[in-house]
Every structure is written in C-alpha cells, then in structure tokens.
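Raw run.txt, compact mmCIF, C-alpha atoms:
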```txt
# COMPACT_ATOMS: atom_id res chain seq x y z
CA MET P 1 -36.18 -20.27 20.49
CA ARG P 2 -34.65 -16.83 19.81
CA THR P 3 -30.85 -16.75 19.82
CA ALA P 4 -29.16 -14.02 21.84
CA VAL P 5 -27.13 -11.72 19.62
CA ASN P 6 -24.36 -11.32 22.19
CA ASP P 7 -24.14 -14.97 23.23
CA PRO P 8 -20.52 -16.10 22.61
CA GLU P 9 -21.71 -19.67 22.00
CA HIS P 10 -23.63 -18.51 18.96
CA GLY P 11 -22.83 -16.68 15.77
CA PHE P 12 -24.61 -15.06 12.87
CA CYS P 13 -25.11 -15.41 9.16
CA ARG P 14 -22.96 -13.08 7.08
CA ASP P 15 -25.56 -12.93 4.31
CA CYS P 16 -28.71 -12.07 6.28
CA LEU P 17 -27.16 -11.22 9.70
CA THR P 18 -29.61 -13.55 11.47
CA PRO P 19 -28.27 -14.95 14.81
CA GLN P 20 -27.55 -18.68 14.59
CA PRO P 21 -27.58 -21.54 17.11
CA SER P 22 -24.20 -23.17 17.69
CA ALA P 23 -25.16 -26.55 16.21
CA VAL P 24 -26.27 -25.56 12.70
CA ARG P 25 -24.03 -25.54 9.60
CA ARG P 26 -26.30 -23.41 7.44
CA CYS P 27 -28.31 -20.35 8.21
CA THR P 28 -31.71 -21.20 9.63
CA GLN P 29 -33.16 -18.18 7.83
CA CYS P 30 -31.61 -18.11 4.32
CA GLY P 31 -29.68 -21.40 4.09
CA SER P 32 -26.28 -19.74 3.56
CA PRO P 33 -23.20 -21.63 4.78
CA ARG P 34 -21.39 -18.35 5.49
CA LEU P 35 -21.71 -18.38 9.27
CA VAL P 36 -19.39 -16.68 11.77
CA ARG P 37 -18.74 -18.14 15.21
CA HIS P 38 -16.06 -17.45 17.78
CA PRO P 39 -15.99 -17.41 21.61
CA GLU P 40 -14.84 -13.75 21.58
CA LEU P 41 -16.91 -12.68 18.58
CA TYR P 42 -18.98 -10.09 20.41
CA SER P 43 -16.22 -8.67 22.64
CA LEU P 44 -13.63 -7.72 19.98
CA HIS P 45 -13.62 -4.26 18.42
CA LEU P 46 -10.40 -3.75 16.40
CA ALA P 47 -10.66 -4.58 12.71
CA HIS P 48 -8.67 -4.51 9.51
CA ILE P 49 -10.61 -4.20 6.25
CA ASP P 50 -8.88 -5.02 2.97
CA CYS P 51 -10.65 -4.70 -0.38
CA ASP P 52 -10.20 -7.81 -2.54
CA ALA P 53 -7.95 -7.31 -5.60
CA PHE P 54 -9.07 -3.70 -5.52
CA TYR P 55 -7.91 -2.35 -8.89
CA ALA P 56 -9.04 -5.46 -10.75
CA ALA P 57 -12.35 -5.50 -8.87
CA VAL P 58 -13.10 -1.92 -9.92
CA GLU P 59 -12.31 -2.73 -13.56
CA LYS P 60 -14.54 -5.83 -13.48
CA ARG P 61 -17.32 -3.80 -11.92
CA ASP P 62 -17.10 -1.27 -14.73
CA ASN P 63 -16.87 -3.92 -17.46
CA PRO P 64 -19.10 -6.93 -16.65
CA ALA P 65 -17.67 -8.79 -19.68
CA LEU P 66 -14.50 -9.29 -17.61
CA LYS P 67 -16.32 -10.88 -14.67
CA ASP P 68 -15.19 -14.48 -15.28
CA LYS P 69 -11.91 -13.65 -17.02
CA PRO P 70 -8.38 -13.28 -15.64
CA VAL P 71 -7.48 -9.60 -15.33
CA ILE P 72 -4.06 -8.08 -14.68
CA ILE P 73 -3.60 -4.42 -13.81
CA GLY P 74 -0.16 -3.16 -14.78
CA GLY P 75 2.20 -1.67 -17.35
CA GLY P 76 3.45 -3.03 -20.65
CA LYS P 77 5.73 -5.97 -21.23
CA ARG P 78 8.55 -4.22 -19.36
CA GLY P 79 6.34 -3.18 -16.46
CA VAL P 80 5.19 -5.02 -13.38
CA VAL P 81 1.86 -6.27 -12.07
CA SER P 82 0.08 -3.75 -9.83
CA THR P 83 -2.57 -6.31 -8.91
CA ALA P 84 -4.36 -9.27 -10.41
CA CYS P 85 -7.82 -10.74 -9.95
CA TYR P 86 -8.16 -14.06 -8.17
CA ILE P 87 -8.64 -15.97 -11.41
CA ALA P 88 -5.24 -14.73 -12.58
CA ARG P 89 -3.73 -15.49 -9.17
CA ILE P 90 -4.85 -19.09 -9.43
CA ASN P 91 -2.73 -19.25 -12.56
CA GLY P 92 0.33 -18.00 -10.68
CA VAL P 93 0.18 -14.22 -11.22
CA ARG P 94 1.31 -12.12 -8.26
CA SER P 95 1.63 -8.44 -7.46
CA ALA P 96 5.03 -6.90 -8.34
CA MET P 97 5.73 -9.77 -10.74
CA PRO P 98 7.39 -8.69 -14.01
CA MET P 99 4.72 -8.42 -16.68
CA PHE P 100 6.42 -10.83 -19.04
CA LYS P 101 6.42 -13.53 -16.36
CA ALA P 102 2.77 -12.82 -15.54
CA LEU P 103 1.79 -13.27 -19.19
CA GLU P 104 3.81 -16.48 -19.37
CA ALA P 105 1.84 -17.79 -16.38
CA CYS P 106 -1.52 -16.55 -17.68
CA PRO P 107 -1.32 -15.72 -21.42
CA GLU P 108 -5.10 -15.41 -21.75
CA ALA P 109 -5.27 -12.59 -19.19
CA THR P 110 -6.66 -9.17 -20.07
CA VAL P 111 -4.08 -6.50 -19.20
CA ILE P 112 -5.41 -3.08 -18.20
CA LYS P 113 -3.40 0.08 -17.67
CA PRO P 114 -3.93 1.43 -14.13
CA ASN P 115 -6.45 4.25 -13.84
CA MET P 116 -5.36 5.75 -10.55
CA GLU P 117 -7.78 8.65 -10.67
CA LYS P 118 -10.69 6.22 -10.83
CA TYR P 119 -9.26 3.99 -8.10
CA ALA P 120 -8.68 6.98 -5.83
CA ARG P 121 -12.29 8.08 -6.38
CA VAL P 122 -13.61 4.65 -5.39
CA GLY P 123 -11.16 4.54 -2.47
CA ARG P 124 -12.56 7.80 -1.13
CA GLU P 125 -16.06 6.39 -1.41
CA VAL P 126 -15.03 3.31 0.59
CA ARG P 127 -13.28 5.45 3.17
CA THR P 128 -16.42 7.55 3.68
CA MET P 129 -18.40 4.38 4.28
CA MET P 130 -15.85 3.27 6.88
CA GLN P 131 -16.13 6.60 8.67
CA ASP P 132 -19.85 5.99 8.96
CA LEU P 133 -18.92 3.12 11.29
CA THR P 134 -16.42 4.91 13.53
CA PRO P 135 -14.34 8.10 13.55
CA LEU P 136 -11.28 5.97 14.31
CA VAL P 137 -10.32 4.94 10.77
CA GLU P 138 -6.60 4.65 10.00
CA PRO P 139 -6.02 4.22 6.28
CA ILE P 140 -3.03 2.08 5.30
CA SER P 141 -3.37 2.33 1.54
CA ILE P 142 -5.96 3.21 -1.05
CA ASP P 143 -7.94 0.02 -0.33
CA GLU P 144 -7.31 -0.97 3.30
CA ALA P 145 -7.60 0.48 6.77
CA PHE P 146 -7.69 -0.26 10.47
CA LEU P 147 -10.88 0.57 12.38
CA ASP P 148 -11.46 0.81 16.12
CA LEU P 149 -15.17 0.32 16.86
CA SER P 150 -14.93 0.40 20.65
CA GLY P 151 -17.77 2.43 22.14
CA THR P 152 -19.90 2.31 18.98
CA GLU P 153 -22.28 -0.47 20.01
CA ARG P 154 -24.89 1.91 21.36
CA MET P 155 -24.75 4.06 18.21
CA HIS P 156 -25.26 1.09 15.88
CA ALA P 157 -27.47 -0.94 18.24
CA MET P 158 -25.31 -3.98 17.51
CA PRO P 159 -21.81 -5.24 18.36
CA PRO P 160 -18.81 -4.43 16.10
CA ALA P 161 -18.78 -7.88 14.48
CA LEU P 162 -22.28 -7.38 13.08
CA VAL P 163 -21.50 -3.79 12.09
CA LEU P 164 -18.53 -5.04 10.03
CA ALA P 165 -20.58 -7.77 8.36
CA ARG P 166 -23.23 -5.22 7.44
CA PHE P 167 -20.51 -2.96 6.03
CA ALA P 168 -19.26 -5.78 3.79
CA GLN P 169 -22.80 -6.27 2.49
CA ARG P 170 -23.22 -2.57 1.82
CA LEU P 171 -19.87 -2.40 0.01
CA GLU P 172 -20.96 -5.12 -2.42
CA LYS P 173 -24.38 -3.60 -3.05
CA GLU P 174 -23.48 0.09 -3.29
CA VAL P 175 -19.90 0.10 -4.60
CA GLY P 176 -19.84 -3.21 -6.44
CA ILE P 177 -16.61 -4.59 -4.95
CA THR P 178 -15.85 -6.96 -2.09
CA ALA P 179 -13.64 -6.81 0.99
CA SER P 180 -12.22 -9.17 3.59
CA VAL P 181 -12.50 -8.40 7.29
CA GLY P 182 -10.17 -9.33 10.12
CA LEU P 183 -11.41 -8.86 13.70
CA SER P 184 -9.15 -9.10 16.74
CA TYR P 185 -7.93 -7.28 19.84
CA CYS P 186 -4.78 -5.76 18.25
CA LYS P 187 -3.62 -4.40 14.92
CA PHE P 188 -1.15 -7.18 14.16
CA LEU P 189 -3.67 -9.99 14.44
CA ALA P 190 -6.50 -8.03 12.82
CA LYS P 191 -4.28 -7.66 9.75
CA VAL P 192 -3.36 -11.35 9.87
CA ALA P 193 -7.03 -12.31 10.14
CA SER P 194 -8.06 -10.23 7.14
CA ASP P 195 -5.70 -12.26 4.94
CA PHE P 196 -7.54 -15.49 5.72
CA ARG P 197 -10.13 -16.91 3.34
CA LYS P 198 -9.90 -14.10 0.79
CA PRO P 199 -11.90 -13.01 -1.10
CA ARG P 200 -15.00 -12.08 0.91
CA GLY P 201 -13.41 -13.35 4.09
CA PHE P 202 -14.44 -12.67 7.68
CA SER P 203 -11.99 -14.09 10.22
CA VAL P 204 -11.59 -13.68 13.96
CA ILE P 205 -8.51 -14.16 16.15
CA GLY P 206 -9.19 -13.86 19.87
CA GLU P 207 -6.84 -13.06 22.71
CA ALA P 208 -7.23 -16.43 24.39
CA GLU P 209 -6.01 -18.33 21.33
CA ALA P 210 -3.36 -15.87 20.11
CA VAL P 211 -0.23 -17.55 21.47
CA SER P 212 -1.22 -21.08 20.43
CA PHE P 213 -2.35 -19.87 17.01
CA LEU P 214 0.90 -17.98 16.38
CA ALA P 215 3.06 -20.89 17.54
CA GLU P 216 2.15 -22.85 14.41
CA GLN P 217 2.80 -20.00 11.97
CA PRO P 218 5.97 -19.29 9.93
CA ILE P 219 8.18 -16.40 10.99
CA THR P 220 7.31 -14.52 7.78
CA LEU P 221 3.87 -13.83 9.26
CA ILE P 222 5.48 -11.18 11.50
CA TRP P 223 5.58 -7.63 10.13
CA GLY P 224 9.10 -6.70 9.09
CA VAL P 225 10.30 -10.23 8.44
CA GLY P 226 10.93 -10.19 4.70
CA LYS P 227 12.89 -12.65 2.59
CA ALA P 228 16.31 -11.38 3.63
CA PHE P 229 15.61 -11.34 7.38
CA ALA P 230 13.76 -14.66 7.16
CA ALA P 231 16.90 -16.14 5.60
CA THR P 232 18.96 -14.77 8.51
CA LEU P 233 16.57 -16.30 11.05
CA GLU P 234 16.57 -19.60 9.19
CA ARG P 235 20.37 -19.71 9.27
CA ASP P 236 20.02 -19.35 13.02
CA GLY P 237 17.64 -22.31 13.03
CA ILE P 238 14.46 -20.26 13.56
CA ARG P 239 11.63 -21.11 11.18
CA SER P 240 8.43 -20.86 13.20
CA ILE P 241 6.95 -18.30 15.56
CA GLY P 242 6.69 -21.05 18.15
CA GLN P 243 10.49 -21.14 18.32
CA LEU P 244 10.55 -17.40 19.00
CA GLN P 245 8.07 -17.87 21.84
CA LYS P 246 10.60 -20.10 23.63
CA MET P 247 13.39 -17.48 23.45
CA GLU P 248 14.14 -14.78 26.02
CA GLN P 249 13.65 -11.14 25.08
CA SER P 250 17.25 -10.32 25.99
CA GLU P 251 18.56 -13.06 23.71
CA LEU P 252 16.47 -11.89 20.75
CA MET P 253 17.57 -8.29 21.27
CA ARG P 254 21.22 -9.31 21.60
CA ARG P 255 21.01 -11.11 18.27
CA TYR P 256 18.74 -8.81 16.28
CA GLY P 257 18.69 -5.44 18.05
CA SER P 258 15.39 -3.53 18.05
CA MET P 259 13.94 -6.08 15.65
CA GLY P 260 14.50 -8.68 18.37
CA ASN P 261 12.12 -6.80 20.64
CA ARG P 262 9.51 -6.77 17.86
CA LEU P 263 9.95 -10.53 17.38
CA PHE P 264 9.50 -11.14 21.10
CA ARG P 265 6.34 -9.07 21.41
CA LEU P 266 4.53 -9.97 18.19
CA SER P 267 5.31 -13.68 18.55
CA ARG P 268 3.24 -13.52 21.74
CA GLY P 269 0.46 -11.44 20.23
CA GLN P 270 1.52 -8.29 22.09
CA ASP P 271 0.77 -5.19 20.04
CA GLU P 272 -0.20 -2.01 21.89
CA ARG P 273 -0.42 0.29 18.88
CA VAL P 274 -3.68 2.20 18.72
CA VAL P 275 -5.69 3.25 15.68
CA HIS P 276 -4.85 6.79 14.60
CA ALA P 277 -7.34 8.53 12.36
CA ASP P 278 -6.25 10.35 9.17
CA ARG P 279 -2.63 9.29 8.88
CA ASP P 280 -0.53 11.88 7.07
CA SER P 281 1.10 11.37 3.71
CA LYS P 282 4.51 9.74 3.92
CA SER P 283 6.01 10.60 0.54
CA VAL P 284 5.31 11.72 -2.99
CA SER P 285 7.19 10.03 -5.82
CA ALA P 286 7.16 9.24 -9.52
CA GLU P 287 8.86 6.44 -11.39
CA THR P 288 9.01 4.90 -14.83
CA THR P 289 10.01 1.54 -16.28
CA PHE P 290 12.01 1.62 -19.52
CA ASP P 291 11.49 -0.42 -22.67
CA THR P 292 15.30 -0.70 -22.91
CA ASP P 293 17.78 -0.90 -20.05
CA PHE P 294 19.91 2.24 -19.61
CA GLY P 295 23.22 2.70 -17.82
CA GLU P 296 24.53 6.00 -19.17
CA LEU P 297 23.96 9.31 -17.42
CA ASP P 298 22.96 11.02 -20.67
CA ASP P 299 20.05 8.62 -21.06
CA LEU P 300 18.88 8.86 -17.46
CA VAL P 301 19.17 12.61 -16.81
CA PRO P 302 16.24 13.77 -19.01
CA VAL P 303 14.00 11.14 -17.43
CA LEU P 304 15.09 12.19 -13.95
CA ARG P 305 14.28 15.81 -14.80
CA ALA P 306 10.83 14.97 -16.17
CA LEU P 307 9.98 12.89 -13.09
CA SER P 308 11.27 15.63 -10.77
CA GLU P 309 8.93 18.11 -12.45
CA LYS P 310 6.03 15.72 -12.03
CA VAL P 311 6.74 15.25 -8.32
CA SER P 312 7.10 19.02 -7.91
CA ALA P 313 3.74 19.61 -9.61
CA ARG P 314 2.04 17.16 -7.29
CA LEU P 315 3.58 18.77 -4.22
CA LYS P 316 2.51 22.24 -5.33
CA LYS P 317 -1.01 21.07 -6.05
CA ALA P 318 -1.29 19.58 -2.56
CA ASN P 319 0.48 22.56 -0.89
CA LEU P 320 3.15 20.22 0.48
CA ALA P 321 6.94 20.12 0.62
CA GLY P 322 9.49 17.48 1.60
CA ARG P 323 12.82 17.53 3.39
CA THR P 324 14.30 14.26 2.08
CA VAL P 325 14.91 13.45 -1.59
CA VAL P 326 14.80 9.75 -2.44
CA LEU P 327 16.25 8.17 -5.60
CA LYS P 328 15.10 4.72 -6.69
CA LEU P 329 16.77 2.50 -9.29
CA LYS P 330 16.00 -1.06 -10.34
CA SER P 331 18.62 -2.98 -12.33
CA LYS P 332 17.88 -5.37 -15.16
CA ASP P 333 18.13 -8.30 -12.70
CA PHE P 334 15.38 -6.64 -10.58
CA ARG P 335 17.67 -5.55 -7.75
CA THR P 336 16.50 -2.28 -6.22
CA ARG P 337 18.77 0.53 -5.07
CA THR P 338 17.35 3.31 -2.89
CA ARG P 339 19.41 6.37 -2.04
CA ASN P 340 18.31 9.44 -0.09
CA ARG P 341 19.59 12.80 1.08
CA GLN P 342 18.11 15.14 3.65
CA LEU P 343 17.98 18.82 2.72
CA GLY P 344 18.60 21.73 5.02
CA ASP P 345 15.08 23.03 4.34
CA PRO P 346 11.96 21.41 2.87
CA THR P 347 11.43 21.88 -0.86
CA ARG P 348 8.74 21.57 -3.46
CA LEU P 349 10.83 22.93 -6.35
CA ALA P 350 11.63 20.70 -9.30
CA ASP P 351 15.03 22.39 -9.56
CA ARG P 352 16.12 21.31 -6.06
CA ILE P 353 14.57 17.85 -6.33
CA PHE P 354 16.33 17.26 -9.64
CA ALA P 355 19.69 18.68 -8.53
CA THR P 356 19.74 16.52 -5.42
CA GLY P 357 18.58 13.46 -7.34
CA LEU P 358 21.28 14.05 -9.95
CA GLU P 359 23.99 14.06 -7.29
CA LEU P 360 22.69 10.74 -6.01
CA LEU P 361 22.35 9.32 -9.53
CA ARG P 362 25.93 10.16 -10.53
CA ARG P 363 27.22 7.84 -7.81
CA GLU P 364 25.21 4.93 -9.21
CA ILE P 365 26.65 5.15 -12.73
CA ASP P 366 29.00 2.20 -12.43
CA GLY P 367 28.25 0.14 -15.52
CA THR P 368 24.97 -1.21 -14.19
CA LYS P 369 22.04 -1.00 -16.57
CA TYR P 370 18.71 0.04 -15.10
CA ARG P 371 15.16 -0.88 -16.07
CA LEU P 372 13.47 1.56 -13.68
CA LEU P 373 14.18 5.07 -12.39
CA GLY P 374 12.23 6.94 -9.73
CA ILE P 375 12.52 10.11 -7.68
CA GLY P 376 10.51 11.33 -4.71
CA VAL P 377 10.46 13.32 -1.49
CA SER P 378 9.56 12.26 2.03
CA ASP P 379 9.35 13.90 5.48
CA LEU P 380 6.45 16.00 4.21
CA CYS P 381 5.24 19.27 5.71
CA ASP P 382 3.19 22.34 4.77
CA ALA P 383 4.56 24.33 1.84
CA GLU P 384 4.78 27.46 4.01
CA LYS P 385 8.07 26.14 5.38
CA ALA P 386 9.55 25.38 1.96
CA ASP P 387 12.46 26.91 0.06
CA PRO P 388 13.55 29.92 2.14
CA PRO P 389 16.09 32.32 0.55
CA ASP P 390 19.54 30.73 0.21
CA LEU P 391 22.26 33.13 1.35
CA VAL P 392 24.95 30.93 -0.19
CA ASP P 393 23.34 30.11 -3.53
CA THR P 394 22.18 33.61 -4.46
CA ARG P 395 20.84 32.44 -7.83
CA SER P 396 18.40 30.02 -6.22
CA HIS P 397 15.78 32.76 -5.82
CA LYS P 398 15.93 33.58 -9.53
CA ARG P 399 15.57 29.91 -10.44
CA ALA P 400 12.56 29.63 -8.13
CA LEU P 401 10.94 32.66 -9.80
CA ALA P 402 11.64 31.18 -13.24
CA GLU P 403 10.09 27.88 -12.18
CA GLY P 404 7.03 29.72 -10.93
CA ALA P 405 6.67 31.45 -14.30
CA ILE P 406 6.95 28.09 -16.06
CA ASP P 407 4.24 26.68 -13.77
CA VAL P 408 1.90 29.52 -14.75
CA LEU P 409 2.45 28.85 -18.47
CA ARG P 410 1.96 25.10 -18.08
CA ASN P 411 -1.20 25.56 -16.05
CA LYS P 412 -2.58 27.80 -18.78
CA PHE P 413 -1.35 26.06 -21.95
CA GLY P 414 -0.53 22.49 -20.85
CA ASN P 415 2.57 20.66 -19.67
CA GLY P 416 4.13 20.68 -23.11
CA ALA P 417 4.06 24.47 -23.37
CA VAL P 418 7.52 24.85 -21.80
CA GLU P 419 10.39 22.37 -21.69
CA THR P 420 13.78 22.65 -20.01
CA GLY P 421 17.08 22.05 -21.77
CA TYR P 422 17.29 18.68 -20.03
CA THR P 423 14.17 17.32 -21.70
CA PHE P 424 13.72 19.34 -24.90
CA GLY P 425 14.22 17.27 -28.02
CA ARG P 426 15.28 14.18 -26.06
CA GLY P 427 12.05 12.24 -26.00
CA HIS P 428 13.77 9.26 -27.66
CA ARG P 429 15.92 8.75 -24.56
CA GLY P 430 14.52 6.97 -21.56
CA LYS P 431 11.39 5.87 -23.37
CA PRO P 432 8.94 4.65 -20.76
CA THR P 433 6.85 1.51 -20.78
CA ARG P 434 3.90 3.20 -22.44
CA PRO P 435 5.18 5.26 -25.36
CA GLY P 436 4.75 8.97 -24.79
CA GLU P 437 4.07 8.93 -21.06
CA GLU P 438 5.64 7.97 -17.75
CA ASP P 439 4.28 5.46 -15.29
CA GLU P 440 1.79 6.96 -12.83
CA PRO P 441 3.55 8.76 -9.97
CA GLU P 442 3.42 6.82 -6.76
CA VAL P 443 2.03 8.79 -3.85
CA ARG P 444 2.34 6.99 -0.54
CA HIS P 445 -0.80 8.48 0.91
CA PRO P 446 -3.27 6.27 2.73
CA TRP P 447 -6.26 6.77 0.49
CA GLU P 448 -5.73 9.03 -2.47
CA ARG P 449 -3.06 10.15 -4.85
CA ILE P 450 -2.21 13.73 -4.08
```

So, in terms of structure tokens, how does the structure I just supplied come out?
Amino acid sequence: MRTAVNDPEHGFCRDCLTPQPSAVRRCTQCGSPRLVRHPELYSLHLAHIDCDAFYAAVEKRDNPALKDKPVIIGGGKRGVVSTACYIARINGVRSAMPMFKALEACPEATVIKPNMEKYARVGREVRTMMQDLTPLVEPISIDEAFLDLSGTERMHAMPPALVLARFAQRLEKEVGITASVGLSYCKFLAKVASDFRKPRGFSVIGEAEAVSFLAEQPITLIWGVGKAFAATLERDGIRSIGQLQKMEQSELMRRYGSMGNRLFRLSRGQDERVVHADRDSKSVSAETTFDTDFGELDDLVPVLRALSEKVSARLKKANLAGRTVVLKLKSKDFRTRTRNRQLGDPTRLADRIFATGLELLRREIDGTKYRLLGIGVSDLCDAEKADPPDLVDTRSHKRALAEGAIDVLRNKFGNGAVETGYTFGRGHRGKPTRPGEEDEPEVRHPWERI
C-alpha cells in the first residue's frame, strides 16, 4: 500500500526520503533507522539549520586523515577554543574554553589555527544552497540561519519537512559537511529543536506540544537567560520553565522588567518574530590574546592602535562606517569588560577609532592585568555618512587626508610599508598569541567576514 506523503500519521526516511508507515522502525526501502515522524510534520514551515562543528568539519573535509581524530580550532596556548569536533567534545572540550584547559581535557587533539577566509567561502556556498529553498533566509552566523518555507510547497512539489531533509543530504554530498535541522512554528522552538540529537539531527517541535514540552525544561533554555540571570532566578526559587508558566505576566515584569515579559511569552512558546532575509552587519571588531598578561598603558596602546587600523581597513573595504566604538578587555581571571562610546558622527577612520578607544582604555588602567584586548565599531551605516568636517577639531581633516595617503601606500606596498609612531619599533610589546600576527578580526556579520 502506498503511504501518503502528507499523512500526519506517517513519516519518511531521512536517507532515501521514502514515505514510511507509522508502525515500522526501519525504512522499508533502504533499511535505515533514521526515520522522522510527528503529528505536525507536514504542516510546519519555520526551520533553523545549524552546521555541525562547522570549522572543524571543514578542516576534516579538507584533510581526511583527521576524520576519526579529535580536532580543536583555536589559537595557541593562551588562546581559546573557537570550536571543536564532536570527538573532542566527548572528551570535555567546549567552545570558548581556554586552550590550555582544552588540551588538558584532550591532549591528543590536533589544534588548527582558524582559516576564516576558507570558512567564509564555505559559508557563502551553504547560504546559496539555503536560498535555493526559499528567499526568506535569515543568517544568524557564518554557519546557521532561520528559514521560512511557507508557500514553497508548490515550487518544490513537496512539503517543507522533505525539502529540509533533501537539503541536508545535498549538503553532505556537495559540500562535505553535515547540519542539524530544527522544524517548528516559531523561531524560538526551531532553534531549540536544531540543538537536539546533534550531529546530523532532524527534530520537530509542534504547537500542540509546546507548553508541555517547555514545562520540563530548565530556565537556561530561554534566550537571554545566561549564567548570571539564571543564578538570579534560582535565588528566587525558579529553576524550570514550568514554574514560569504558573506565574502571572505582571508579576514577572514587576520582578524582572522587560525580561519578565520575555520569560512569560517564551515559556509558553509564544514567539511572533518573523524571518527577515539578509540581516545587516551588526559590528566590525578585532581582538588579540596575549602570551603575557599586560596591565600598563604603554604595553596596551600599540596593540590598540594596530587593532584600530585593522578595523578601519575592514570598514573601508566594505564601504561601511560605525557610530559606536566598543572596547573589550579580558582579565587574567577571564572576566570580560566591555566599554562603549557613541560618536557624534559615524567613522571609519583608524585615528578616531583609536582615539576613542584610548579614552576608554585609560579608565580601565587600575592595576588589573589583561590577557585580551579588542576594539570595534557598531551601529553600522554606509560610509557616505562618515567623518564630516569637524568645525571644532580643525586638524581632523588633515589627519584624515594623511590616513588616506597611508592607505594608498599600504595598498600598493603592503601593510608594513608605513607604521605610526604608536606601533613603530614596539613589536615586542603586546605580543599576540601567534607570534608576528594578531588574532583574526571578529566581524559580527551573519555569513561572511567583511
């Protein structure tokens, strides 16, 4: 008997996409146990796709000798883990873990320096494949995105669930990496679903089961509930989402302000956010981790200048500017300080980024030693609006012209062709994790580094 593709009592095989009767445990066509069934399987259309251990997966794809070995992507001994393959994770390695702790947990791991240009290239390839499914693709990072496939069933001649399963197959065959898929009726639960059964997961959370499912989950499942806020909720006796479901909205808002409203809504599976295609860049930044902790301004200033020039170069290349300058510091005990200042006008000039960052940095020189320094800009806009003439600082125009001349020389002869007085002859100060170069700049753009 032929099984109806859109029958909610039936599912399909993720390996051959053959429809399956409800009673079988293995595919009747290929014998695979990877079957998908859910009462709302063929009516849901909002998905979250997350590539599995993306950086590590790309490296293993390019070097088959690493296939069955633990792999860590990150900096040197003083750096942190960018990502780790699942073999390394089994041994206790986690993203953002200090490298020395990661190597203590998994000393046999192969450590690879991040190759962001390569990862961005693969990320763009994955994004193009997603856009083949629907124009409503909202990238979240280089390796994950939300997709809204409503109205695409006629185009693909199959429901969204099957389209997503076929995409996962294509990703493995054509790109050589894997992804996990979460399918639901809202963004929040689609993201939650994609975290289940990784790697190569395919999970569904329907509307009918949302409240009962969430009731059993810890409060940390809710977006925005990090360690600090979770500790606050726990002090108030709240540990599970089920407890939030029993509380009135007014009570939650009285206790926790706007976050209380988020707790009320998400604890009940209420999330009305829609998928927005082509999210804009949020910020452009660069940071470096030191081999030796530094607490003196003289040691930190040349590094700040070099990073400011790198951020400026990236902004100019992308024809962007930013209104807010953000300083980031991480102390030797891994506590992070973030300071920011909004400018009167957007900028893309290294001179203004550095000067503003220096003002912020001076206030943080209090005896604390730092292992990481970063600088960036946010509130991005087109460069046409950047750096208008300053009627107060009349020398700013001359400095901008000088910086433009330096850019021309560097573009022609390389970055080392011209150095400022802040950085010249001071390479021994602020030595980064990898001798002779800074950590890759971080660009908070959904899919590619600017």

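Distance annotation: of P:Asp382, P:Lys246, P:Glu40, P:Val181, the residue with the minimal separation from Arg166 (chain P) is P:Val181; atom set is only C-alpha atoms.
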
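The residues that lie within 9 Å of the point (-7.3, -12.4, 21.5), counting all atoms listed in the file, are Glu40, Leu44, Ser184, Tyr185, Cys186, Leu189, Val204, Ile205, Gly206, Glu207, Ala208, Glu209, Ala210, Val211 and Gly269 of chain P.
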
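The nearest approach to Arg323 (chain P) among the residues P:Gly376, P:Gly295, P:Gly257, P:Pro135, with only C-alpha atoms taken into account, belongs to P:Gly376.
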
>> Taking 6 positions as the minimum chain separation for residues in the same chain, which residues sit within 12 Å of Leu233 (chain P) when counting all atoms listed in the file? Answer as an MDAnalysis selection string.
In response: chainID P and resid 218:220 225:227 239:241 243:244 252 255:256 259:260 263

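One distance worth recording is that between CA of Asn115 (chain P) and CA of Ala84 (chain P), which is 14.1 Å.
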
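CA of Asp132 (chain P) sits 14.5 Å away from CA of Ala47 (chain P).
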
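Here CA of Lys67 (chain P) stands at a distance of 18.5 Å from CA of Gly92 (chain P).
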
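Each of P:Leu372, P:Leu361, P:Cys16, P:Ala120 was checked against Ser331 (chain P) using all atoms listed in the file; the smallest atom-to-atom distance is that of P:Leu372.
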